[in-house]
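Source file start-v9.txt; content: compact mmCIF, C-alpha atoms.
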# COMPACT_ATOMS: atom_id res chain seq x y z
CA MET A 1 -73.07 81.37 142.99
CA ASP A 2 -74.49 80.04 139.72
CA PRO A 3 -73.23 81.66 136.46
CA TYR A 4 -76.29 83.79 135.75
CA SER A 5 -76.41 85.03 139.34
CA LEU A 6 -72.74 85.98 139.00
CA ILE A 7 -73.45 87.94 135.81
CA ASP A 8 -76.33 89.73 137.55
CA ALA A 9 -74.27 90.51 140.66
CA THR A 10 -71.38 91.74 138.51
CA PHE A 11 -73.69 94.05 136.57
CA LYS A 12 -75.15 95.52 139.75
CA THR A 13 -71.64 96.16 141.07
CA ILE A 14 -70.60 97.84 137.81
CA LEU A 15 -73.72 100.05 137.83
CA GLY A 16 -72.81 101.21 141.33
CA ILE A 17 -69.38 102.59 140.34
CA PRO A 18 -69.77 106.41 140.02
CA SER A 19 -67.17 106.88 137.27
CA LEU A 20 -69.10 104.49 134.98
CA ARG A 21 -72.53 106.09 135.29
CA LYS A 22 -72.32 107.88 131.93
CA VAL A 23 -71.34 104.73 130.02
CA SER A 24 -74.19 103.22 127.99
CA HIS A 25 -76.18 100.32 129.41
CA PHE A 26 -75.22 98.14 126.41
CA LYS A 27 -71.47 98.72 126.81
CA LEU A 28 -71.64 98.03 130.54
CA GLN A 29 -73.51 94.81 129.80
CA GLN A 30 -70.78 93.74 127.35
CA PHE A 31 -68.14 94.61 129.94
CA THR A 32 -70.01 92.64 132.60
CA ILE A 33 -70.28 89.48 130.52
CA ASN A 34 -66.60 89.58 129.58
CA LEU A 35 -65.63 89.99 133.23
CA ALA A 36 -67.89 87.13 134.30
CA LEU A 37 -66.53 84.79 131.60
CA VAL A 38 -63.03 85.39 132.96
CA ALA A 39 -64.14 84.84 136.56
CA LEU A 40 -65.98 81.64 135.59
CA GLY A 41 -62.85 80.28 133.92
CA ILE A 42 -64.42 80.09 130.46
CA ARG A 43 -61.71 82.36 129.05
CA SER A 44 -58.30 83.14 130.50
CA GLY A 45 -58.20 86.79 129.52
CA TYR A 46 -60.12 89.73 128.09
CA MET A 47 -58.55 92.83 126.53
CA PHE A 48 -60.38 95.93 127.71
CA ASP A 49 -61.57 97.92 124.69
CA THR A 50 -65.28 98.33 125.38
CA PHE A 51 -65.38 102.03 126.28
CA SER A 52 -63.29 104.92 127.55
CA VAL A 53 -63.96 107.22 130.47
CA PRO A 54 -62.63 110.79 130.08
CA ARG A 55 -60.42 112.17 132.86
CA HIS A 56 -59.81 108.70 134.28
CA ASP A 57 -56.63 106.66 133.96
CA THR A 58 -57.68 103.33 132.45
CA GLY A 59 -55.40 101.26 134.65
CA ASP A 60 -56.58 102.97 137.83
CA LEU A 61 -60.22 102.68 136.74
CA LEU A 62 -59.97 98.93 136.05
CA THR A 63 -58.10 98.36 139.30
CA SER A 64 -60.89 100.07 141.22
CA VAL A 65 -63.50 97.97 139.38
CA LEU A 66 -61.68 94.77 140.32
CA ARG A 67 -61.35 95.94 143.91
CA GLU A 68 -65.15 96.10 144.13
CA LEU A 69 -65.61 92.77 142.35
CA ARG A 70 -63.13 91.05 144.69
CA LYS A 71 -65.84 91.26 147.34
CA MET A 72 -67.30 88.24 145.51
CA PRO A 73 -65.24 85.04 145.94
CA GLU A 74 -65.53 84.22 142.23
CA TYR A 75 -63.26 87.19 141.47
CA ILE A 76 -60.47 86.35 143.93
CA GLY A 77 -58.28 85.01 141.09
CA VAL A 78 -59.05 87.82 138.61
CA ALA A 79 -56.51 90.61 138.14
CA LEU A 80 -55.37 93.32 135.74
CA LEU A 81 -52.36 92.54 133.53
CA THR A 82 -50.50 95.40 131.87
CA GLY A 83 -47.00 96.80 131.44
CA THR A 84 -45.12 100.07 131.31
CA SER A 85 -43.99 99.56 127.69
CA PHE A 86 -47.35 98.86 126.06
CA GLN A 87 -50.84 100.32 126.23
CA ASP A 88 -53.08 97.24 126.40
CA TYR A 89 -54.99 96.23 129.52
CA PHE A 90 -55.94 92.60 130.05
CA ILE A 91 -58.27 91.31 132.74
CA VAL A 92 -57.11 87.77 133.41
CA ASN A 93 -57.97 84.68 135.41
CA VAL A 94 -54.55 84.29 137.01
CA PRO A 95 -54.69 80.55 137.91
CA LEU A 96 -56.13 79.62 134.49
CA LEU A 97 -53.63 81.72 132.53
CA ALA A 98 -50.72 80.27 134.53
CA ARG A 99 -51.95 76.71 133.88
CA ASN A 100 -52.35 77.45 130.18
CA LEU A 101 -48.84 78.87 129.84
CA HIS A 102 -47.32 75.98 131.76
CA ARG A 103 -49.16 73.34 129.74
CA ASP A 104 -48.89 74.94 126.32
CA PHE A 105 -45.30 76.16 126.45
CA LEU A 106 -43.45 74.11 129.08
CA LEU A 107 -45.06 70.66 129.14
CA ASN A 108 -45.49 70.51 125.36
CA VAL A 109 -41.82 70.00 124.46
CA LYS A 110 -42.51 69.98 120.72
CA ALA A 111 -44.27 73.33 120.90
CA ALA A 112 -41.03 75.29 121.07
CA SER A 113 -39.94 73.82 117.74
CA GLY A 114 -43.36 74.42 116.19
CA VAL A 115 -43.64 70.87 114.86
CA SER A 116 -46.52 69.62 116.99
CA ASP A 117 -49.87 69.60 115.19
CA ASP A 118 -51.71 69.18 118.50
CA PHE A 119 -50.17 72.40 119.86
CA TYR A 120 -53.07 74.82 120.35
CA PHE A 121 -51.28 77.89 119.00
CA SER A 122 -50.07 78.43 115.44
CA PHE A 123 -47.49 81.20 115.06
CA VAL A 124 -47.78 82.92 111.67
CA ARG A 125 -45.00 85.18 110.39
CA LEU A 126 -46.50 88.20 108.59
CA SER A 127 -44.21 87.94 105.60
CA ILE A 128 -45.38 88.03 101.98
CA PRO A 129 -46.93 85.53 101.75
CA PRO A 130 -47.65 84.69 105.43
CA ARG A 131 -45.99 81.50 106.65
CA LEU A 132 -46.00 79.27 109.69
CA THR A 133 -43.08 79.76 112.02
CA PRO A 134 -41.80 78.04 115.18
CA VAL A 135 -42.39 79.83 118.46
CA PRO A 136 -39.67 82.54 118.42
CA SER A 137 -36.99 81.45 120.89
CA ASP A 138 -36.58 84.93 122.42
CA PHE A 139 -40.34 85.17 122.88
CA GLN A 140 -40.46 81.74 124.55
CA GLU A 141 -37.47 82.34 126.80
CA HIS A 142 -38.09 85.94 127.83
CA ILE A 143 -41.74 86.93 127.40
CA ILE A 144 -43.56 83.67 128.18
CA GLN A 145 -41.25 82.55 130.97
CA GLU A 146 -41.21 86.00 132.58
CA LEU A 147 -45.00 86.23 132.54
CA LEU A 148 -45.31 82.71 133.94
CA ARG A 149 -42.78 83.53 136.67
CA ILE A 150 -44.75 86.64 137.69
CA LEU A 151 -48.04 84.73 137.84
CA GLN A 152 -46.66 81.70 139.68
CA THR A 153 -44.83 83.85 142.22
CA ALA A 154 -48.08 85.66 143.00
CA LEU A 155 -50.03 82.40 143.21
CA ASN A 156 -47.46 80.88 145.59
CA LEU A 157 -47.62 84.00 147.76
CA ASP A 158 -51.41 83.98 147.63
CA GLN A 159 -51.49 80.47 149.11
CA ARG A 160 -49.84 81.90 152.22
CA THR A 161 -51.45 85.35 152.44
CA MET A 162 -54.75 84.80 150.57
CA SER A 163 -54.18 88.15 148.88
CA LEU A 164 -53.56 88.06 145.13
CA PRO A 165 -52.44 91.45 143.74
CA LEU A 166 -55.11 93.40 141.89
CA ARG A 167 -52.62 94.39 139.18
CA PHE A 168 -49.62 92.78 137.49
CA ASP A 169 -47.14 94.88 135.50
CA ILE A 170 -45.00 92.95 133.03
CA SER A 171 -41.45 94.19 133.48
CA VAL A 172 -40.04 92.98 130.15
CA ASP A 173 -39.95 95.35 127.18
CA LEU A 174 -43.06 94.90 125.02
CA SER A 175 -42.66 98.03 122.91
CA ASN A 176 -41.83 95.90 119.86
CA PRO A 177 -44.98 94.65 118.06
CA LYS A 178 -43.28 91.32 117.32
CA ASP A 179 -43.56 90.58 121.04
CA ALA A 180 -46.72 92.47 122.02
CA ILE A 181 -48.96 91.12 119.22
CA PRO A 182 -48.36 87.38 119.81
CA LEU A 183 -48.54 87.89 123.58
CA ALA A 184 -52.03 89.36 123.20
CA ALA A 185 -53.07 86.34 121.12
CA ILE A 186 -51.85 83.96 123.82
CA VAL A 187 -53.56 85.78 126.70
CA LEU A 188 -56.80 85.94 124.69
CA GLU A 189 -56.40 82.31 123.53
CA TYR A 190 -56.50 83.02 119.82
CA PRO A 191 -55.25 79.80 118.19
CA VAL A 192 -53.46 81.92 115.56
CA ALA A 193 -50.71 84.22 116.86
CA TYR A 194 -49.39 86.70 114.32
CA VAL A 195 -45.70 87.66 114.42
CA PRO A 196 -44.76 90.86 112.52
CA ASP A 197 -41.87 90.41 110.10
CA GLY A 198 -40.00 93.35 111.61
CA SER A 199 -40.36 96.11 114.18
CA ASP A 200 -40.94 98.70 111.44
CA GLN A 201 -43.69 96.76 109.65
CA THR A 202 -46.86 98.87 109.50
CA THR A 203 -49.01 97.11 106.88
CA PHE A 204 -50.30 93.63 107.66
CA LEU A 205 -51.99 90.99 105.48
CA SER A 206 -52.71 93.41 102.64
CA ASN A 207 -54.97 91.76 100.02
CA THR A 208 -54.52 88.39 101.74
CA PRO A 209 -57.58 86.08 101.82
CA LEU A 210 -58.46 85.45 105.46
CA ASP A 211 -60.69 83.02 107.32
CA VAL A 212 -62.38 85.08 110.05
CA TYR A 213 -63.63 83.21 113.12
CA GLU A 214 -66.28 84.44 115.56
CA CYS A 215 -66.92 82.44 118.72
CA SER A 216 -70.07 83.28 120.64
CA LEU A 217 -72.26 82.11 123.49
CA SER A 218 -76.06 82.25 123.58
CA LEU A 219 -77.04 83.73 126.94
CA ARG A 220 -80.37 84.65 128.47
CA ILE A 221 -80.10 87.88 130.43
CA ASP A 222 -83.00 89.92 131.82
CA ASN A 223 -85.40 87.52 130.08
CA HIS A 224 -83.83 88.30 126.70
CA ASP A 225 -81.76 86.00 124.51
CA PHE A 226 -78.33 87.51 123.96
CA GLU A 227 -75.59 86.38 121.56
CA HIS A 228 -72.22 87.37 123.01
CA THR A 229 -69.08 87.20 120.85
CA PHE A 230 -66.07 86.52 123.05
CA LEU A 231 -63.42 85.65 120.45
CA LYS A 232 -62.84 87.08 116.98
CA PHE A 233 -59.64 86.42 115.06
CA SER A 234 -58.37 85.54 111.60
CA CYS A 235 -56.06 83.09 109.86
CA PRO A 236 -54.69 83.30 106.31
CA SER A 237 -56.80 81.03 104.11
CA GLY A 238 -55.17 77.85 102.85
CA LEU A 239 -52.14 78.15 105.14
CA ASP A 240 -51.92 74.37 105.43
CA GLU A 241 -54.17 71.39 106.13
CA MET A 242 -53.80 71.62 109.92
CA ARG A 243 -54.93 75.25 109.85
CA SER A 244 -58.10 74.54 107.86
CA PRO A 245 -61.39 75.88 109.27
CA ASP A 246 -62.48 72.39 110.37
CA LYS A 247 -59.22 71.83 112.29
CA ILE A 248 -59.28 75.22 113.98
CA LYS A 249 -62.95 74.87 114.90
CA ASN A 250 -62.16 71.51 116.47
CA LYS A 251 -59.37 73.10 118.54
CA LEU A 252 -61.75 75.77 119.77
CA GLN A 253 -64.47 73.26 120.63
CA THR A 254 -61.99 71.10 122.53
CA ARG A 255 -60.58 74.02 124.51
CA PHE A 256 -63.78 75.83 125.46
CA SER A 257 -66.62 73.30 125.56
CA HIS A 258 -65.19 71.52 128.62
CA ARG A 259 -64.91 74.80 130.52
CA ILE A 260 -68.50 75.69 129.67
CA ARG A 261 -69.72 72.33 130.97
CA THR A 262 -67.57 72.60 134.10
CA CYS A 263 -69.05 75.94 135.17
CA GLU A 264 -72.56 74.61 134.44
CA ILE A 265 -73.75 77.55 132.41
CA GLN A 266 -76.63 76.54 130.14
CA THR A 267 -75.11 77.36 126.76
CA ASP A 268 -72.62 76.10 124.21
CA ILE A 269 -70.06 77.67 121.93
CA THR A 270 -71.09 78.67 118.41
CA ILE A 271 -68.29 79.12 115.86
CA ASN A 272 -68.91 80.94 112.60
CA VAL A 273 -66.31 81.25 109.85
CA GLY A 274 -66.35 83.76 106.99
CA GLN A 275 -63.86 84.77 104.32
CA VAL A 276 -62.64 88.33 103.69
CA THR A 277 -59.86 90.09 101.80
CA LEU A 278 -58.88 93.57 103.02
CA ASP A 279 -56.47 96.30 101.97
CA ARG A 280 -54.87 96.00 105.38
CA VAL A 281 -55.62 94.43 108.76
CA ALA A 282 -55.35 96.19 112.12
CA LEU A 283 -53.58 94.13 114.78

Please express the file's structure as structure tokens.
Amino acid sequence: MDPYSLIDATFKTILGIPSLRKVSHFKLQQFTINLALVALGIRSGYMFDTFSVPRHDTGDLLTSVLRELRKMPEYIGVALLTGTSFQDYFIVNVPLLARNLHRDFLLNVKAASGVSDDFYFSFVRLSIPPRLTPVPSDFQEHIIQELLRILQTALNLDQRTMSLPLRFDISVDLSNPKDAIPLAAIVLEYPVAYVPDGSDQTTFLSNTPLDVYECSLSLRIDNHDFEHTFLKFSCPSGLDEMRSPDKIKNKLQTRFSHRIRTCEIQTDITINVGQVTLDRVAL
């Protein structure tokens, strides 16, 4: 199925789910595009925050949505990722996320020490002022390796049974923001992963100049041109030369442009950068 046909088929499936009938057309369209971008392998994960449905458990609702979408072969590798100790729900491309974790954190030996400038992710400690930090060893050894183990075990089982689970629950404790916040950045492929300075830190990047990045795709849906933002993140301005806007934009182009070409969708990534200073930043 070509990319636009997949978006159309996804939208029709979403419209047919009774519990979503009161959600606005615009929000369902946003939801549809994010789901399709994951299925197409353009992005490895999407954090569900588009809408809420009263009287429905979010995890159960998303699982039922994916069960319907699994009727299309493009969604066979798409699953829900969550955990008992945190409230976020990620819809992920399981094979792509597993490959990313293996390449970025296991094959790149220098990544663990944080000294490799070609490492996609930059870990930034939210101290005053913010500073670059190596990948935290506990995070690397427990969070990343546990997530990779869960995904690879399921993929190995799927090769035999052709039945990938609809939902993955991370068993490690993610109640501490210093683990949950950088994990979200990695699943969503933000090149800047913030690490809180302590578990009791509640104010982040107060009055800190930030470069804010928005990555979007120009899509034509229902005979209308549509600009869809699929990544939005920030980085402290002037952190160092390798974290300059030009360098980060190049990383994003390198990572996503190949995927866009591979799935043969007629679009390209647009990256806009602006500067802001806020009293505090929500993470």

* To do: Write out as an MDAnalysis selection string the residues lying within 12 Å of Thr63 in chain A, counting only C-alpha atoms and excluding same-chain residues fewer than 3 positions away.
  => chainID A and resid 56:60 66:70 78:82 89:91 165:168

* To do: Go through A:Asp179, A:Asp104, A:Asp268, A:Glu189 and flag the residue nearest His228 in chain A, using all atoms listed in the file for the distances.
  =>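 Closest residue, counting all atoms listed in the file: A:Asp268.
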
* Contacts of range 217-219 of chain A at 9 Å or less, counting all atoms listed in the file, minus same-chain residues fewer than 3 places along, as number ranges by chain? -> A: 4, 224-230, 265-270

* Asked: Which residue, A:Leu107, A:Pro73, A:Pro134, A:Ser85, has the smallest gap to Phe121 in chain A when you use all atoms listed in the file?
  -> A:Pro134

Per residue of range 54-122 of chain A within 10 Å of range 236-249 of chain A, note the shortest atom pair and the distance in Å to one decimal, counting only C-alpha atoms, and order the rows by chain and increasing residue number, as a tab-separated table.
residue	atom	partner	partner_atom	distance
A:Asp117	CA	A:Met242	CA	6.9
A:Asp118	CA	A:Met242	CA	9.2
A:Tyr120	CA	A:Ile248	CA	8.9
A:Phe121	CA	A:Ile248	CA	9.8
A:Ser122	CA	A:Arg243	CA	8.1

* Calculate how many Å separate CA of Thr133 in chain A from CA of Ser206 in chain A, rounding to one decimal. =>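 That distance, rounded to one decimal, is 19.2 Å.
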
* Nearby residues (only C-alpha atoms) at most 9 Å from Val172 in chain A, same-chain spacing under 4 positions excluded, as a list in words ->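 Here the answer would be Gly83, Thr84, Ser85, His142, Ile143, Glu146 and Leu147 of chain A.
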
* Selection near Gln275 in chain A, 6 Å with only C-alpha atoms, sequence-local residues under 5 positions removed, as a ChimeraX atom specification -> /A:210-212

* Between A:Leu205, A:Ile150, A:Val23, A:Ile186, which has the minimum distance to Ile128 in chain A (counting all atoms listed in the file)? ->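 When distances to Ile128 in chain A are compared using all atoms listed in the file, the smallest one comes from A:Leu205.
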
Please provide the set of residues having any atom within 12 Å of Gln29 in chain A, restricted to only C-alpha atoms, with same-chain residues fewer than 6 positions apart removed, written as a compact mmCIF listing (two decimals) with C-alpha atoms, in the frame of the given file.
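Listed below is the output, around-v4.txt:
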# COMPACT_ATOMS: atom_id res chain seq x y z
CA ILE A 7 -73.45 87.94 135.81
CA ASP A 8 -76.33 89.73 137.55
CA ALA A 9 -74.27 90.51 140.66
CA THR A 10 -71.38 91.74 138.51
CA PHE A 11 -73.69 94.05 136.57
CA LYS A 12 -75.15 95.52 139.75
CA THR A 13 -71.64 96.16 141.07
CA ILE A 14 -70.60 97.84 137.81
CA LEU A 15 -73.72 100.05 137.83
CA LEU A 20 -69.10 104.49 134.98
CA VAL A 23 -71.34 104.73 130.02
CA LEU A 35 -65.63 89.99 133.23
CA ALA A 36 -67.89 87.13 134.30
CA THR A 50 -65.28 98.33 125.38
CA PHE A 51 -65.38 102.03 126.28
CA LEU A 219 -77.04 83.73 126.94
CA ILE A 221 -80.10 87.88 130.43
CA ASP A 222 -83.00 89.92 131.82
CA PHE A 226 -78.33 87.51 123.96
CA GLU A 227 -75.59 86.38 121.56
CA HIS A 228 -72.22 87.37 123.01

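What separates CA of Asn34 in chain A from CA of Ser19 in chain A is a distance of 18.9 Å.
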
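Take CA of Cys215 in chain A and CA of Leu151 in chain A: the distance between them is 27.0 Å.
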
* Asked: Pick the closest to Ser5 in chain A from A:Arg280, A:Glu74, A:Pro209, A:Ser24: which is it, counting only C-alpha atoms?
  -> A:Glu74

* **Pick from A:Ser234, A:Met1, A:Asn93, A:Tyr46, whichever lies nearest to Leu278 in chain A using all atoms listed in the file** => A:Ser234

* Structure fact -> The residue from A:Thr277, A:Ser127, A:Gln30, A:Thr262 with the smallest atom-to-atom distance to Ile42 in chain A, counting only C-alpha atoms, is A:Thr262

So that I can look at just that part, could you write range 218-233 of chain A with N, CA and C atoms, as a PDB file, in the first residue's frame?
ATOM      1  N   SER A 218       5.366  18.231   4.689  1.00  0.00           N
ATOM      2  CA  SER A 218       4.276  18.783   3.878  1.00  0.00           C
ATOM      3  C   SER A 218       3.538  17.629   3.216  1.00  0.00           C
ATOM      4  N   LEU A 219       2.282  17.460   3.581  1.00  0.00           N
ATOM      5  CA  LEU A 219       1.484  16.345   3.075  1.00  0.00           C
ATOM      6  C   LEU A 219       0.257  16.888   2.349  1.00  0.00           C
ATOM      7  N   ARG A 220      -0.220  16.120   1.399  1.00  0.00           N
ATOM      8  CA  ARG A 220      -1.461  16.493   0.703  1.00  0.00           C
ATOM      9  C   ARG A 220      -2.517  15.446   1.032  1.00  0.00           C
ATOM     10  N   ILE A 221      -3.509  15.869   1.795  1.00  0.00           N
ATOM     11  CA  ILE A 221      -4.541  14.959   2.281  1.00  0.00           C
ATOM     12  C   ILE A 221      -5.904  15.541   1.948  1.00  0.00           C
ATOM     13  N   ASP A 222      -6.758  14.716   1.363  1.00  0.00           N
ATOM     14  CA  ASP A 222      -8.099  15.160   0.944  1.00  0.00           C
ATOM     15  C   ASP A 222      -8.020  16.406   0.062  1.00  0.00           C
ATOM     16  N   ASN A 223      -7.034  16.402  -0.844  1.00  0.00           N
ATOM     17  CA  ASN A 223      -6.835  17.508  -1.791  1.00  0.00           C
ATOM     18  C   ASN A 223      -6.490  18.833  -1.113  1.00  0.00           C
ATOM     19  N   HIS A 224      -5.967  18.749   0.116  1.00  0.00           N
ATOM     20  CA  HIS A 224      -5.527  19.943   0.824  1.00  0.00           C
ATOM     21  C   HIS A 224      -4.072  19.754   1.263  1.00  0.00           C
ATOM     22  N   ASP A 225      -3.282  20.825   1.127  1.00  0.00           N
ATOM     23  CA  ASP A 225      -1.909  20.787   1.620  1.00  0.00           C
ATOM     24  C   ASP A 225      -1.932  20.912   3.138  1.00  0.00           C
ATOM     25  N   PHE A 226      -1.129  20.081   3.782  1.00  0.00           N
ATOM     26  CA  PHE A 226      -1.183  19.961   5.239  1.00  0.00           C
ATOM     27  C   PHE A 226       0.245  19.903   5.766  1.00  0.00           C
ATOM     28  N   GLU A 227       0.580  20.810   6.680  1.00  0.00           N
ATOM     29  CA  GLU A 227       1.914  20.823   7.292  1.00  0.00           C
ATOM     30  C   GLU A 227       1.811  20.125   8.643  1.00  0.00           C
ATOM     31  N   HIS A 228       2.481  18.984   8.766  1.00  0.00           N
ATOM     32  CA  HIS A 228       2.361  18.184   9.988  1.00  0.00           C
ATOM     33  C   HIS A 228       3.672  18.205  10.764  1.00  0.00           C
ATOM     34  N   THR A 229       3.639  18.757  11.975  1.00  0.00           N
ATOM     35  CA  THR A 229       4.817  18.757  12.850  1.00  0.00           C
ATOM     36  C   THR A 229       4.901  17.419  13.568  1.00  0.00           C
ATOM     37  N   PHE A 230       6.021  16.719  13.400  1.00  0.00           N
ATOM     38  CA  PHE A 230       6.156  15.415  14.051  1.00  0.00           C
ATOM     39  C   PHE A 230       7.246  15.387  15.114  1.00  0.00           C
ATOM     40  N   LEU A 231       8.086  16.404  15.174  1.00  0.00           N
ATOM     41  CA  LEU A 231       9.064  16.524  16.256  1.00  0.00           C
ATOM     42  C   LEU A 231       9.128  17.978  16.693  1.00  0.00           C
ATOM     43  N   LYS A 232       9.149  18.197  18.000  1.00  0.00           N
ATOM     44  CA  LYS A 232       9.394  19.536  18.541  1.00  0.00           C
ATOM     45  C   LYS A 232      10.163  19.374  19.845  1.00  0.00           C
ATOM     46  N   PHE A 233      11.329  19.976  19.906  1.00  0.00           N
ATOM     47  CA  PHE A 233      12.186  19.820  21.084  1.00  0.00           C
ATOM     48  C   PHE A 233      13.067  21.057  21.198  1.00  0.00           C
TER      49      PHE A 233
END
